[in-house]
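Q: Next up, data-v3.txt (compact mmCIF, C-alpha atoms).
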# COMPACT_ATOMS: atom_id res chain seq x y z
CA MET A 23 -24.51 8.36 7.17
CA ILE A 24 -20.78 7.69 6.73
CA ASP A 25 -20.61 5.74 9.98
CA SER A 26 -23.52 3.53 8.91
CA ILE A 27 -21.80 2.84 5.55
CA LEU A 28 -18.53 1.97 7.30
CA ALA A 29 -20.35 -0.25 9.76
CA ALA A 30 -22.65 -2.15 7.42
CA GLY A 31 -20.88 -2.25 4.05
CA GLN A 32 -22.60 -2.69 0.69
CA GLN A 33 -24.69 -5.42 -0.86
CA LEU A 34 -23.06 -6.09 -4.23
CA THR A 35 -24.58 -8.00 -7.10
CA GLY A 36 -23.66 -9.09 -10.59
CA LEU A 37 -21.53 -6.81 -12.70
CA THR A 38 -20.79 -4.42 -9.81
CA ARG A 39 -18.49 -7.00 -8.26
CA PHE A 40 -16.53 -7.25 -11.50
CA MET A 41 -16.39 -3.48 -11.98
CA LEU A 42 -14.83 -3.06 -8.55
CA MET A 43 -11.69 -4.66 -10.00
CA LEU A 44 -11.07 -1.50 -12.03
CA PRO A 45 -10.33 1.03 -9.24
CA LEU A 46 -8.23 -1.52 -7.35
CA CYS A 47 -6.10 -2.18 -10.43
CA LEU A 48 -5.85 1.56 -11.06
CA SER A 49 -4.59 2.12 -7.53
CA VAL A 50 -1.97 -0.61 -7.90
CA ALA A 51 -0.84 0.79 -11.26
CA VAL A 52 -0.60 4.39 -10.03
CA VAL A 53 1.32 3.58 -6.84
CA TYR A 54 3.68 1.19 -8.63
CA LYS A 55 4.52 3.60 -11.43
CA VAL A 56 4.81 6.61 -9.10
CA THR A 57 7.42 4.73 -7.09
CA ARG A 58 9.29 3.40 -10.13
CA ILE A 59 9.49 6.48 -12.39
CA ASP A 60 11.27 9.70 -11.43
CA ASP A 61 9.35 12.05 -13.75
CA LEU A 62 5.75 12.14 -12.54
CA ARG A 63 4.45 13.39 -15.91
CA GLU A 64 5.65 10.15 -17.47
CA ALA A 65 4.39 8.13 -14.51
CA PHE A 66 0.71 8.84 -15.14
CA ALA A 67 0.84 7.76 -18.78
CA ALA A 68 2.77 4.64 -17.78
CA ALA A 69 0.25 3.96 -15.01
CA PHE A 70 -2.61 4.15 -17.49
CA VAL A 71 -0.89 1.66 -19.80
CA LEU A 72 -0.17 -0.64 -16.86
CA TRP A 73 -3.80 -0.37 -15.69
CA ILE A 74 -5.10 -1.42 -19.10
CA THR A 75 -2.55 -4.25 -19.20
CA ILE A 76 -3.57 -5.55 -15.77
CA VAL A 77 -7.28 -5.42 -16.59
CA ILE A 78 -6.87 -7.17 -19.93
CA GLY A 79 -4.58 -9.74 -18.33
CA MET A 80 -7.08 -10.43 -15.54
CA ILE A 81 -9.92 -10.79 -18.04
CA ALA A 82 -7.78 -13.15 -20.12
CA VAL A 83 -6.98 -15.27 -17.08
CA GLY A 84 -10.65 -15.31 -16.08
CA VAL A 85 -11.81 -16.33 -19.55
CA GLY A 86 -9.07 -18.96 -19.74
CA LEU A 87 -10.04 -20.50 -16.42
CA TRP A 88 -13.71 -20.39 -17.39
CA LEU A 89 -12.98 -22.20 -20.66
CA LEU A 90 -10.89 -24.76 -18.77
CA PHE A 91 -13.80 -25.30 -16.40
CA ILE A 92 -16.18 -25.78 -19.33
CA ILE A 93 -13.82 -28.24 -21.03
CA MET A 94 -13.15 -30.24 -17.88
CA ALA A 95 -16.82 -30.39 -16.81
CA MET B 22 47.10 13.77 7.96
CA ALA B 23 47.27 11.29 10.79
CA HIS B 24 43.55 10.86 11.63
CA ALA B 25 40.79 11.16 9.00
CA PRO B 26 37.31 12.21 10.23
CA GLU B 27 34.96 9.33 11.08
CA THR B 28 32.53 10.18 8.27
CA ASP B 29 35.32 10.06 5.70
CA SER B 30 36.42 6.64 6.90
CA ARG B 31 32.82 5.35 6.76
CA ALA B 32 32.38 6.76 3.26
CA ALA B 33 35.66 5.19 2.18
CA ALA B 34 34.43 1.86 3.54
CA GLY B 35 31.18 2.22 1.60
CA LEU B 36 29.05 2.61 4.75
CA PRO B 37 26.31 5.25 5.04
CA ASP B 38 26.77 7.83 7.77
CA PRO B 39 24.50 7.65 10.86
CA ALA B 40 22.58 10.79 9.88
CA SER B 41 21.70 9.16 6.55
CA ILE B 42 20.51 6.00 8.29
CA PHE B 43 18.43 8.03 10.76
CA ARG B 44 16.88 10.03 7.93
CA ALA B 45 15.96 6.88 5.98
CA ALA B 46 14.54 5.22 9.11
CA SER B 47 12.50 8.34 9.89
CA ALA B 48 11.14 8.37 6.34
CA GLY B 49 10.14 4.71 6.74
CA LEU B 50 8.47 5.24 10.09
CA LEU B 51 6.59 8.32 8.92
CA GLY B 52 5.59 6.47 5.76
CA TRP B 53 4.11 3.70 7.88
CA LEU B 54 2.26 6.11 10.16
CA ILE B 55 0.71 8.05 7.29
CA PRO B 56 1.23 6.62 3.78
CA GLY B 57 3.19 9.07 1.64
CA LEU B 58 4.49 11.09 4.58
CA GLY B 59 7.92 9.51 4.16
CA HIS B 60 8.20 11.03 0.69
CA ILE B 61 6.96 14.38 1.95
CA PHE B 62 9.58 14.19 4.73
CA ILE B 63 12.43 13.77 2.25
CA GLY B 64 11.10 16.65 0.13
CA ASP B 65 9.24 14.68 -2.58
CA LYS B 66 5.89 16.32 -1.83
CA THR B 67 3.96 15.57 -5.03
CA ARG B 68 4.91 11.89 -5.00
CA GLY B 69 3.97 11.68 -1.34
CA VAL B 70 0.57 13.30 -1.85
CA ILE B 71 -0.22 10.94 -4.76
CA CYS B 72 0.71 7.90 -2.66
CA LEU B 73 -1.25 9.27 0.29
CA ALA B 74 -4.39 9.80 -1.82
CA ALA B 75 -4.15 6.45 -3.61
CA ILE B 76 -3.63 4.36 -0.47
CA PHE B 77 -6.14 6.33 1.61
CA LEU B 78 -8.85 6.00 -1.06
CA THR B 79 -8.13 2.31 -1.65
CA PHE B 80 -8.20 1.46 2.04
CA TRP B 81 -11.37 3.33 2.95
CA THR B 82 -13.16 2.25 -0.23
CA GLY B 83 -12.52 -1.30 0.93
CA VAL B 84 -13.89 -0.55 4.38
CA ALA B 85 -16.97 1.11 2.84
CA ILE B 86 -17.58 -1.90 0.57
CA GLY B 87 -17.11 -4.66 3.14
CA GLY B 88 -18.11 -2.88 6.31
CA VAL B 89 -15.65 -2.42 9.10
CA ARG B 90 -16.71 -5.60 10.92
CA GLY B 91 -16.39 -7.78 7.84
CA THR B 92 -13.16 -6.19 6.66
CA ILE B 93 -11.08 -5.62 9.78
CA ASP B 94 -11.10 -8.96 11.56
CA PRO B 95 -7.85 -9.82 13.38
CA HIS B 96 -9.26 -13.12 14.69
CA GLU B 97 -10.74 -14.67 11.54
CA ARG B 98 -8.41 -13.00 9.02
CA SER B 99 -5.17 -12.60 10.91
CA LEU B 100 -2.86 -12.65 7.86
CA TRP B 101 -5.02 -10.13 6.03
CA PHE B 102 -5.03 -8.02 9.18
CA ALA B 103 -1.23 -8.09 9.17
CA ALA B 104 -1.31 -6.77 5.59
CA GLN B 105 -3.89 -4.14 6.56
CA LEU B 106 -1.70 -2.98 9.45
CA CYS B 107 0.94 -1.95 6.91
CA ALA B 108 -1.41 0.94 6.02
CA GLY B 109 -0.55 2.45 9.42
CA THR B 110 -3.02 4.82 11.01
CA ASN B 111 -5.67 3.89 8.43
CA ALA B 112 -5.78 0.35 9.80
CA LEU B 113 -5.54 1.50 13.41
CA ALA B 114 -8.43 3.94 12.90
CA ALA B 115 -10.53 1.25 11.19
CA TYR B 116 -9.77 -1.16 14.05
CA ALA B 117 -10.79 1.51 16.56
CA ILE B 118 -14.08 2.04 14.69
CA ARG B 119 -14.67 -1.72 14.69
CA GLN B 120 -14.05 -1.89 18.42
CA ALA B 121 -16.38 1.07 18.96
CA ILE B 122 -19.32 -0.39 17.05
CA SER B 123 -18.85 -4.05 17.96
CA PRO B 124 -20.33 -5.17 21.27
CA VAL B 125 -17.93 -6.42 23.93
CA GLY B 126 -18.20 -10.21 23.92
CA GLY B 127 -18.70 -12.15 20.74
CA ASP B 128 -22.02 -13.78 21.55
CA GLN B 129 -24.05 -10.57 21.81
CA LYS B 130 -26.07 -9.54 18.79
CA SER B 131 -24.60 -6.60 16.88
CA PRO B 132 -26.89 -3.66 16.04
CA THR B 133 -25.46 -3.41 12.50
CA PRO B 134 -26.28 -6.03 9.87
CA SER B 135 -23.46 -8.05 8.31
CA PRO B 136 -22.72 -7.49 4.62
CA SER B 137 -22.63 -10.44 2.29
CA TRP B 138 -19.46 -12.52 2.31
CA VAL B 139 -18.71 -11.31 -1.22
CA SER B 140 -18.66 -7.68 -0.10
CA ALA B 141 -16.49 -8.57 2.88
CA GLU B 142 -14.04 -10.45 0.65
CA ILE B 143 -13.77 -7.52 -1.76
CA GLY B 144 -13.30 -5.12 1.16
CA VAL B 145 -10.56 -7.31 2.63
CA HIS B 146 -8.75 -7.40 -0.70
CA TYR B 147 -8.94 -3.62 -1.08
CA THR B 148 -7.62 -2.95 2.41
CA GLY B 149 -4.97 -5.68 2.23
CA VAL B 150 -3.69 -4.44 -1.11
CA ALA B 151 -3.62 -0.88 0.26
CA GLY B 152 -1.40 -2.06 3.11
CA LEU B 153 0.93 -3.96 0.80
CA LEU B 154 1.15 -0.98 -1.53
CA ASN B 155 2.24 1.07 1.47
CA VAL B 156 5.10 -1.38 2.05
CA LEU B 157 6.24 -0.56 -1.48
CA VAL B 158 5.89 3.17 -0.78
CA ILE B 159 7.82 2.88 2.51
CA LEU B 160 10.69 1.02 0.85
CA ASP B 161 10.74 3.56 -1.97
CA ALA B 162 10.87 6.49 0.48
CA MET B 163 13.77 4.88 2.36
CA SER B 164 15.56 4.08 -0.88
CA ARG B 165 15.10 7.62 -2.24
CA SER B 166 16.33 9.09 1.05
CA GLU B 167 19.48 7.00 0.88
CA ARG B 168 20.02 7.76 -2.82
CA ARG B 169 19.58 11.49 -2.24
CA ASN B 170 22.26 11.41 0.41
CA ARG B 171 24.57 9.79 -2.11
CA GLY B 172 23.50 12.16 -4.90
CA LEU B 173 22.18 9.38 -7.13
CA ARG B 174 19.11 9.19 -9.35
CA LEU B 175 16.68 6.27 -9.69
CA GLY B 176 18.38 3.20 -11.13
CA GLU B 177 21.89 4.58 -10.73
CA ARG B 178 24.50 2.73 -8.74
CA GLY B 179 27.24 4.25 -6.72
CA PRO B 180 30.90 3.98 -7.64
CA PRO B 181 32.25 0.45 -7.42
CA GLN B 182 33.71 -0.39 -4.04
CA GLU B 183 37.31 -1.48 -3.88
CA THR B 184 37.64 -4.82 -2.17
CA ALA B 185 40.19 -5.11 0.57
CA THR B 186 43.05 -7.41 -0.27
Would you mind writing the file's structure down as structure tokens?

A:
Amino acid sequence: MIDSILAAGQQLTGLTRFMLMLPLCLSVAVVYKVTRIDDLREAFAAAFVLWITIVIGMIAVGVGLWLLFIIMA
Amino acid sequence: MAHAPETDSRAAAGLPDPASIFRAASAGLLGWLIPGLGHIFIGDKTRGVICLAAIFLTFWTGVAIGGVRGTIDPHERSLWFAAQLCAGTNALAAYAIRQAISPVGGDQKSPTPSPSWVSAEIGVHYTGVAGLLNVLVILDAMSRSERRNRGLRLGERGPPQETAT
């Protein structure tokens, strides 16, 4: 089963494609904060804050570009 | 004292000793081979395991989303493949799987269906970001190794070097 998943991939539609941004941003936030902060107990809280910041920032950029597209169209 | 030891003279000149350089280079190489292993090598086990889990999960989630043929493509996506290679054995294993399931010769029909281009793009981004994150982890492992040899903590600088006049 695993080999067929790895070979064929997934068919993604609609909101699923957007939701896949969340784990990628979480991974970036965790690795970045784990490398930057010495105390790992502080790193996880900081990673959570960074994750929320990245997601909100990405949504803001997306909405901004969408509005720009609407205005320019 | 007429002749100071070589290590003392290197330290006085602000140069790291060869053992320190070898240790940092080993941490970097191990970190490339298996993400996080560089940190484990220098004794930072928890940090290494977290990096290992995060990069491993990110990379193989990307392969599972995009499929190995759509994600690992050194011919069509050579720059992304370069980024993926930074994930070390993850990328090499994925490339080996791709070679195993892809027919020899590009014009033969593959037994596995291709995922949509959207899935492939998302998979490429996951795997590429995993590789680039490992570059960050490798540099951090080498930096921590060097700082530990000098007895410094994160963000601290060594004593100012006296310039030769």

Q: Please write out, as AutoDock Vina command-line options, where the centre of an axis-aligned box around all listed atoms of range 53-57 of chain B lies and how long its edges are, in Å to one decimal, after adding 8 Å on each side.

A:
--center_x 2.4 --center_y 6.4 --center_z 5.9 --size_x 19.4 --size_y 21.4 --size_z 24.5

Q: Please, which residues of chain A lie no more than 12 Å from chain B when the count uses all atoms listed in the file, and can they be set out as a PyMOL selection string?

A: chain A and resi 23-36+38-63+65-66

Q: Between CA of Arg44 in chain B and CA of Met163 in chain B, what is the distance, to one decimal in Å?

A: 8.2 Å

Q: For CA of Ala82 in chain A and CA of Phe77 in chain B, determine how far apart the two atoms are, in Å to one decimal place.

A: 29.2 Å

Q: For CA of Ile74 in chain A and CA of Leu37 in chain A, quote the distance in Å rounded to one decimal.

A: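 Separation of CA of Ile74 in chain A and CA of Leu37 in chain A: 18.4 Å.
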
Q: Could you name the residues that touch Ile55 in chain B at 8 Å or less, counting only C-alpha atoms, but leaving out those on the same chain fewer than 6 positions away, as a PyMOL selection string?

A: chain B and resi 73+108-111
